[in-house]
Amino acid sequence: MPAEGLSAPADEDRPALAVLFLVSAHGGLSQAAEVALTDLGHQVAVSVVDSADSMIAAVRAQDPDLIVSPMLTAKIPEQVWSRYRCLVVHPGPVGDRGPSSIDWAIEDNVPIWGVTVFEPNDEFDAGPVWAARTFTRRSTTKTGLYRHEVRRAAVEAMVEAVSRIAEGHTEPRLVPRVSAHGRPRPVMRQESRQIDWSADPAAVVLRKIGAAEGRPGVLDGIGGTQFYLFGGHPERGLRGRPGAIIAQRDGAVCRATVDGAVWITHLRQRGGVGRRFLKLPAATALAQAGIPVDVPHVPAPAGTPATDTYRDITYREADGVGYLHFDFYNGAMSSDQCTRLRDAYRYARSRPTRVIALMGGPDFFSTGIHLTVIESAEEPGAESWRNLNAITDLVHDVITTDTHLVVSALCGDAAAGGVALALAADRVVARAGVLINPYYQHMGGLYGSEYWTYLFPRRLGTAATARLTSEPFTPISTGHAARIGLLDEVYGPTLDSFTASLRADALRLADPSRFPYLLAAKRARRQRDQQLKPLAHYRDHEMARSHQCFFGPDQRYHHARREFAYKQSPPRHRPEIRRDHSSERSPHLGRHA
C-alpha cells in the first residue's frame, strides 16, 4: 500500500466507487481521507451533517456506493446503515468505544493506541471490523496525535477497507484484538479534567490540558471568570504562588504550579457569543474580559530549549544551515507574529550560513493570516489589512534573499497564505501525509496577497495556477502536489524520518563545492523575473483587490470570516457525485437491500 500522501494514480482496473463522507466537521483527518481516496480514483462527496435527518437527506441526494465517516460525533441512523454499506473510522483500538477515546488514552498514559474502521450497527461505536492499526502513543497533545499518528493510521486502515470493498469483498477479514486497552469508555467531563492548582504538579496540569486540546479545553477560573485553557507548555525556571499568573510572553501567560510553572497560550471565555468569547491568545482573552494582566513580559532566556519554556519562534545553526522554527497555534499568523517572524528571518539572513530552512511547526507550517484575532479586533477590516501587509512583507524578504538558499520544510499542513510563504523559498519539501490547501476563495472571495500571483505561476504556469486556485475548496495531497510541481520532494511520513531527510537535503545545498553555483543561478533567475515584471507590480495588484474585500461594499469576506471564527458555517454538501453511466454499477455495492 502506498504511503499516505504518496498514493499512486488511479488503477484503471480497480473499480471506482462513488463515496459519500458524512462528517461533523471537514477537518484534517477527513480531508486526508478524502485526498487519499480521490488519488486512488474514487469519487468523493462530502456532507457536513449534524443530525439523523441531515444524514438521511445527504444520502438520499447522493445515493452513493459507499458511505464513510472519518469524523462523526453522531450515530448513523438505522435508516442509512441498514440500506447502504457504511464505514466508521474510530480513533481507538479494536474494542474501544466512546467519544473521548484519545482524551482517556492521554489521561491514563496508555502506551499503545490505535484506530479502527468498522461497519456500524445498532450499537454505538460497534460493528464488524474491516481494518485496524495500532501505534505507539507519542507524548504530545490530543491534536498532536490526531494530526500525525491517528491521521496516518486512519487513512491506511480506511484505504485498506475501501479497497477490499471495491474489489468485491462483502465481509470483513477477522481483525485480532491486539490491545488490552480497547474497552468502552464514558464521555470525559470537566470534573475529570479539573486542575487543582494547590496540589497538581506541572506534569499533571500539562497532561490535562493536552488531553483536552482543540476541544473542549480545560475549564478553569481566572480572576473570577471561567475560561477554557489551551496550549500548555512547560516552564522550568519561573516560580510563584500556585495558580497565580506570574509572567507573560508573546500573548501567552505563565501560571505557577506546586513544583514549577506552565505556560498557557490560549483561552476561551465560557458562555455567550461575541468577540470576547473567541479562542484567543491568553493575554488578549483576559484583556477582552476586563481582567488586567499585571505581570512582567519575560523574554525567553537565550539558549533555553523549547522543552524548558515557551517560545513560538526558535533558531539554531548546524553545518552551515540555519533552522528557523515557528510553531504558531493552529498555524495562524497574527500581525505581531508575522512581524516577529520577519525579525527572526532577517537575523537568520544576517548569519554566516549558506542555507536557511523555514521549518514551521510539527503540526502546521502556516495557515496564513489569523482570522480569529482579526475577528476579535475593534476594526476587523483594518486589522485584516495590517495582517495581510505583515505577512506579505515577510514573503517579500524570503523572495528577495540573495545571500542564502532557502528551503521550506512542510512538516505540518499549509493553507492559504501559508502555501505562498512556502513557495517563496527556492526549494519546497514536505512530509508525506501533509495537507496543502492553496485557496483563498472559500473565505468569501478573499483575493489574498503574499505575491501568490507571482509564486504560483513561477512553479505551475499560468493555466495550471488558474485551475488550481479556481477549483472548489479541496485539499491536495503531497503526492499530487509533487506531480504538478508545487513540491520539489516528499519525505517519509514520520516526524523523525522527515527531519532526517530534511537535514540531509539542507546539507547537500550547503555543500561549499555546489553552493556558489546554485546561488548564482538563483540570483540570475530573480533578476530576469524582476526585469519581466517587478515584484511591486504583483503586490500592488493583489493589495488593490484585497482592499476591496476588506473595505468595499461586498461583505462576503467579513461574513465568511465571522462564520469561521464562531464555527457557525451551516451544513454543506460538496461536491455532488458524478457517475459514469457507461458502466454498470457493481452488484455488491450500495444498498444492502
# chains A, B, ... in the order shown; residues from 1 in each chain; ligands from 1
call {"tool": "closest_atom_pairs", "arguments": {"of": "segment 348-450 of chain A", "to": "segment 262-275 of chain A", "cutoff": "9 Å", "atoms": "only C-alpha atoms", "output": "tab-separated table"}}
result
residue	atom	partner	partner_atom	distance
A:Thr372	CA	A:Arg275	CA	8.8
A:Glu375	CA	A:Arg275	CA	6.8
A:Ser376	CA	A:Arg275	CA	4.8
A:Ala377	CA	A:Arg275	CA	8.0
call {"tool": "write_last_selection", "arguments": {"atoms": "N, CA and C atoms", "output": "compact mmCIF listing (two decimals), in the first residue's frame"}}
result
# COMPACT_ATOMS: atom_id res chain seq x y z
N THR A 372 -9.13 34.63 13.45
CA THR A 372 -9.81 34.78 14.73
C THR A 372 -9.33 36.04 15.46
N GLU A 375 -11.02 38.85 13.78
CA GLU A 375 -12.42 38.97 14.19
C GLU A 375 -12.55 39.62 15.56
N SER A 376 -11.57 39.43 16.43
CA SER A 376 -11.64 39.99 17.79
C SER A 376 -11.25 41.46 17.84
N ALA A 377 -10.72 42.00 16.74
CA ALA A 377 -10.24 43.38 16.74
C ALA A 377 -11.40 44.36 16.73
call {"tool": "residues_around", "arguments": {"residues": "segment 91-98 of chain A", "least_positions_apart": "4", "cutoff": "8 Å", "atoms": "only C-alpha atoms", "output": "PyMOL selection string"}}
result
chain A and resi 102+113-116+124-126+129+132-134+150+154+176-179+181-187
call {"tool": "write_last_selection", "arguments": {"atoms": "N, CA and C atoms", "output": "PDB file, in the first residue's frame"}}
result
ATOM      1  N   ILE A 102      -9.254   9.445  22.684  1.00  0.00           N
ATOM      2  CA  ILE A 102      -7.907   9.977  22.793  1.00  0.00           C
ATOM      3  C   ILE A 102      -7.716  10.684  24.132  1.00  0.00           C
ATOM      4  N   TRP A 113      -1.830   2.748  21.282  1.00  0.00           N
ATOM      5  CA  TRP A 113      -3.185   3.149  20.912  1.00  0.00           C
ATOM      6  C   TRP A 113      -3.437   2.728  19.468  1.00  0.00           C
ATOM      7  N   GLY A 114      -4.585   3.054  18.916  1.00  0.00           N
ATOM      8  CA  GLY A 114      -4.864   2.612  17.572  1.00  0.00           C
ATOM      9  C   GLY A 114      -6.056   3.286  16.949  1.00  0.00           C
ATOM     10  N   VAL A 115      -6.429   2.787  15.772  1.00  0.00           N
ATOM     11  CA  VAL A 115      -7.574   3.267  15.001  1.00  0.00           C
ATOM     12  C   VAL A 115      -8.298   2.043  14.463  1.00  0.00           C
ATOM     13  N   THR A 116      -9.632   2.111  14.454  1.00  0.00           N
ATOM     14  CA  THR A 116     -10.457   1.003  13.977  1.00  0.00           C
ATOM     15  C   THR A 116     -11.429   1.511  12.925  1.00  0.00           C
ATOM     16  N   PHE A 124     -23.616   1.759  19.573  1.00  0.00           N
ATOM     17  CA  PHE A 124     -22.754   2.915  19.320  1.00  0.00           C
ATOM     18  C   PHE A 124     -21.288   2.472  19.318  1.00  0.00           C
ATOM     19  N   ASP A 125     -20.541   2.900  18.285  1.00  0.00           N
ATOM     20  CA  ASP A 125     -19.120   2.585  18.143  1.00  0.00           C
ATOM     21  C   ASP A 125     -18.859   1.088  18.095  1.00  0.00           C
ATOM     22  N   ALA A 126     -19.768   0.334  17.506  1.00  0.00           N
ATOM     23  CA  ALA A 126     -19.585  -1.110  17.433  1.00  0.00           C
ATOM     24  C   ALA A 126     -20.050  -1.619  16.087  1.00  0.00           C
ATOM     25  N   VAL A 129     -15.479  -5.280  12.179  1.00  0.00           N
ATOM     26  CA  VAL A 129     -14.264  -4.504  11.948  1.00  0.00           C
ATOM     27  C   VAL A 129     -13.666  -4.863  10.586  1.00  0.00           C
ATOM     28  N   ALA A 132      -7.822  -2.214  10.980  1.00  0.00           N
ATOM     29  CA  ALA A 132      -7.364  -1.572  12.211  1.00  0.00           C
ATOM     30  C   ALA A 132      -5.860  -1.358  12.137  1.00  0.00           C
ATOM     31  N   ARG A 133      -5.384  -0.377  12.874  1.00  0.00           N
ATOM     32  CA  ARG A 133      -3.953  -0.117  13.002  1.00  0.00           C
ATOM     33  C   ARG A 133      -3.664   0.242  14.463  1.00  0.00           C
ATOM     34  N   THR A 134      -2.447  -0.063  14.908  1.00  0.00           N
ATOM     35  CA  THR A 134      -2.012   0.373  16.232  1.00  0.00           C
ATOM     36  C   THR A 134      -0.721   1.171  16.087  1.00  0.00           C
ATOM     37  N   VAL A 150      -2.697   9.339  14.505  1.00  0.00           N
ATOM     38  CA  VAL A 150      -4.084   8.951  14.242  1.00  0.00           C
ATOM     39  C   VAL A 150      -4.416   9.138  12.764  1.00  0.00           C
ATOM     40  N   ALA A 154      -5.398   6.083  10.473  1.00  0.00           N
ATOM     41  CA  ALA A 154      -6.782   6.097   9.998  1.00  0.00           C
ATOM     42  C   ALA A 154      -6.843   6.005   8.473  1.00  0.00           C
ATOM     43  N   PRO A 176      -7.643  -9.228  14.624  1.00  0.00           N
ATOM     44  CA  PRO A 176      -7.421  -9.589  16.029  1.00  0.00           C
ATOM     45  C   PRO A 176      -7.412  -8.370  16.931  1.00  0.00           C
ATOM     46  N   ARG A 177      -7.795  -8.600  18.147  1.00  0.00           N
ATOM     47  CA  ARG A 177      -7.744  -7.545  19.156  1.00  0.00           C
ATOM     48  C   ARG A 177      -6.350  -7.575  19.774  1.00  0.00           C
ATOM     49  N   VAL A 178      -5.540  -6.566  19.461  1.00  0.00           N
ATOM     50  CA  VAL A 178      -4.132  -6.604  19.841  1.00  0.00           C
ATOM     51  C   VAL A 178      -3.804  -5.683  21.013  1.00  0.00           C
ATOM     52  N   SER A 179      -4.778  -4.955  21.517  1.00  0.00           N
ATOM     53  CA  SER A 179      -4.532  -4.045  22.637  1.00  0.00           C
ATOM     54  C   SER A 179      -5.509  -4.334  23.768  1.00  0.00           C
ATOM     55  N   HIS A 181      -6.201  -2.287  25.934  1.00  0.00           N
ATOM     56  CA  HIS A 181      -6.793  -1.019  26.345  1.00  0.00           C
ATOM     57  C   HIS A 181      -8.077  -0.698  25.589  1.00  0.00           C
ATOM     58  N   GLY A 182      -8.465  -1.547  24.630  1.00  0.00           N
ATOM     59  CA  GLY A 182      -9.683  -1.299  23.882  1.00  0.00           C
ATOM     60  C   GLY A 182     -10.909  -1.729  24.669  1.00  0.00           C
ATOM     61  N   ARG A 183     -11.644  -0.762  25.207  1.00  0.00           N
ATOM     62  CA  ARG A 183     -12.828  -1.069  26.005  1.00  0.00           C
ATOM     63  C   ARG A 183     -13.765   0.137  25.980  1.00  0.00           C
ATOM     64  N   PRO A 184     -15.025  -0.051  26.310  1.00  0.00           N
ATOM     65  CA  PRO A 184     -15.947   1.100  26.361  1.00  0.00           C
ATOM     66  C   PRO A 184     -15.505   2.118  27.399  1.00  0.00           C
ATOM     67  N   ARG A 185     -15.580   3.389  27.026  1.00  0.00           N
ATOM     68  CA  ARG A 185     -15.175   4.469  27.926  1.00  0.00           C
ATOM     69  C   ARG A 185     -16.243   5.557  27.901  1.00  0.00           C
ATOM     70  N   PRO A 186     -16.506   6.177  29.039  1.00  0.00           N
ATOM     71  CA  PRO A 186     -17.527   7.228  29.080  1.00  0.00           C
ATOM     72  C   PRO A 186     -17.014   8.535  28.502  1.00  0.00           C
ATOM     73  N   VAL A 187     -17.917   9.469  28.309  1.00  0.00           N
ATOM     74  CA  VAL A 187     -17.517  10.824  27.937  1.00  0.00           C
ATOM     75  C   VAL A 187     -16.662  11.400  29.055  1.00  0.00           C
TER      76      VAL A 187
END
call {"tool": "residues_around", "arguments": {"residues": "Asp505 of chain A", "least_positions_apart": "6", "cutoff": "10 Å", "atoms": "only C-alpha atoms", "output": "PyMOL selection string"}}
result
chain A and resi 407+427+429+489+499
call {"tool": "write_last_selection", "arguments": {"atoms": "N, CA and C atoms", "output": "JSON list (two decimals), in the first residue's frame"}}
result
[["chain", "number", "residue", "atom", "x", "y", "z"],
["A", 407, "VAL", "N", 15.03, 26.90, 2.01],
["A", 407, "VAL", "CA", 14.22, 25.69, 1.89],
["A", 407, "VAL", "C", 13.00, 25.84, 2.79],
["A", 427, "ARG", "N", 13.45, 25.99, -2.62],
["A", 427, "ARG", "CA", 13.14, 24.57, -2.65],
["A", 427, "ARG", "C", 12.05, 24.31, -1.62],
["A", 429, "VAL", "N", 9.90, 21.22, 0.28],
["A", 429, "VAL", "CA", 9.77, 19.79, 0.55],
["A", 429, "VAL", "C", 8.70, 19.61, 1.62],
["A", 489, "GLU", "N", 10.00, 17.75, -3.44],
["A", 489, "GLU", "CA", 10.23, 16.39, -2.97],
["A", 489, "GLU", "C", 9.35, 16.12, -1.76],
["A", 499, "THR", "N", 12.54, 14.82, 9.48],
["A", 499, "THR", "CA", 13.62, 15.68, 9.97],
["A", 499, "THR", "C", 14.97, 15.20, 9.47]]
call {"tool": "residues_around", "arguments": {"residues": "Ala481 of chain A", "least_positions_apart": "6", "cutoff": "10 Å", "atoms": "only C-alpha atoms", "output": "mmCIF file with C-alpha atoms, in the first residue's frame"}}
result
data_model
loop_
_atom_site.group_PDB
_atom_site.id
_atom_site.type_symbol
_atom_site.label_atom_id
_atom_site.label_comp_id
_atom_site.auth_asym_id
_atom_site.auth_seq_id
_atom_site.Cartn_x
_atom_site.Cartn_y
_atom_site.Cartn_z
ATOM 1 C CA GLY A 5 0.150 11.322 0.662
ATOM 2 C CA LEU A 6 2.019 9.303 -1.969
ATOM 3 C CA ALA A 430 7.035 18.190 2.616
ATOM 4 C CA LEU A 435 -2.369 18.545 3.526
ATOM 5 C CA ILE A 436 -2.000 21.557 1.251
ATOM 6 C CA PRO A 475 -7.094 19.943 -0.180
ATOM 7 C CA LEU A 487 6.561 20.500 -4.230
ATOM 8 C CA ASP A 488 10.107 19.520 -5.105
ATOM 9 C CA GLU A 489 10.234 16.390 -2.968
ATOM 10 C CA VAL A 490 8.228 14.397 -0.437
#
call {"tool": "residues_around", "arguments": {"residues": "Val398 of chain A", "least_positions_apart": "5", "cutoff": "9 Å", "atoms": "only C-alpha atoms", "output": "MDAnalysis selection string"}}
result
chainID A and resid 345 393 406 421 424:425
call {"tool": "residues_around", "arguments": {"residues": "Gly412 of chain A", "least_positions_apart": "4", "cutoff": "7 Å", "atoms": "only C-alpha atoms", "output": "PyMOL selection string"}}
result
chain A and resi 361-365+434
call {"tool": "write_last_selection", "arguments": {"atoms": "N, CA and C atoms", "output": "PDB file, in the first residue's frame"}}
result
ATOM      1  N   GLY A 361       6.046  24.492  12.223  1.00  0.00           N
ATOM      2  CA  GLY A 361       5.916  23.701  13.434  1.00  0.00           C
ATOM      3  C   GLY A 361       5.634  22.255  13.089  1.00  0.00           C
ATOM      4  N   PRO A 362       5.574  21.366  14.068  1.00  0.00           N
ATOM      5  CA  PRO A 362       5.346  19.948  13.786  1.00  0.00           C
ATOM      6  C   PRO A 362       3.959  19.649  13.236  1.00  0.00           C
ATOM      7  N   ASP A 363       2.957  20.450  13.591  1.00  0.00           N
ATOM      8  CA  ASP A 363       1.588  20.190  13.148  1.00  0.00           C
ATOM      9  C   ASP A 363       1.166  21.063  11.974  1.00  0.00           C
ATOM     10  N   PHE A 364       1.680  22.288  11.930  1.00  0.00           N
ATOM     11  CA  PHE A 364       1.356  23.222  10.852  1.00  0.00           C
ATOM     12  C   PHE A 364       2.615  23.946  10.407  1.00  0.00           C
ATOM     13  N   PHE A 365       2.718  24.139   9.097  1.00  0.00           N
ATOM     14  CA  PHE A 365       3.738  25.056   8.591  1.00  0.00           C
ATOM     15  C   PHE A 365       3.213  26.476   8.760  1.00  0.00           C
ATOM     16  N   VAL A 434       1.077  15.367   4.642  1.00  0.00           N
ATOM     17  CA  VAL A 434       0.714  16.760   4.866  1.00  0.00           C
ATOM     18  C   VAL A 434      -0.402  17.158   3.902  1.00  0.00           C
TER      19      VAL A 434
END
call {"tool": "residues_around", "arguments": {"residues": "segment 28-37 of chain A", "least_positions_apart": "2", "cutoff": "9 Å", "atoms": "only C-alpha atoms", "output": "PyMOL selection string"}}
result
chain A and resi 4-7+19+21+23+25-26+39-46+69-71+146-147+150-152+154-156+158-159+162+413+433-435+474-477
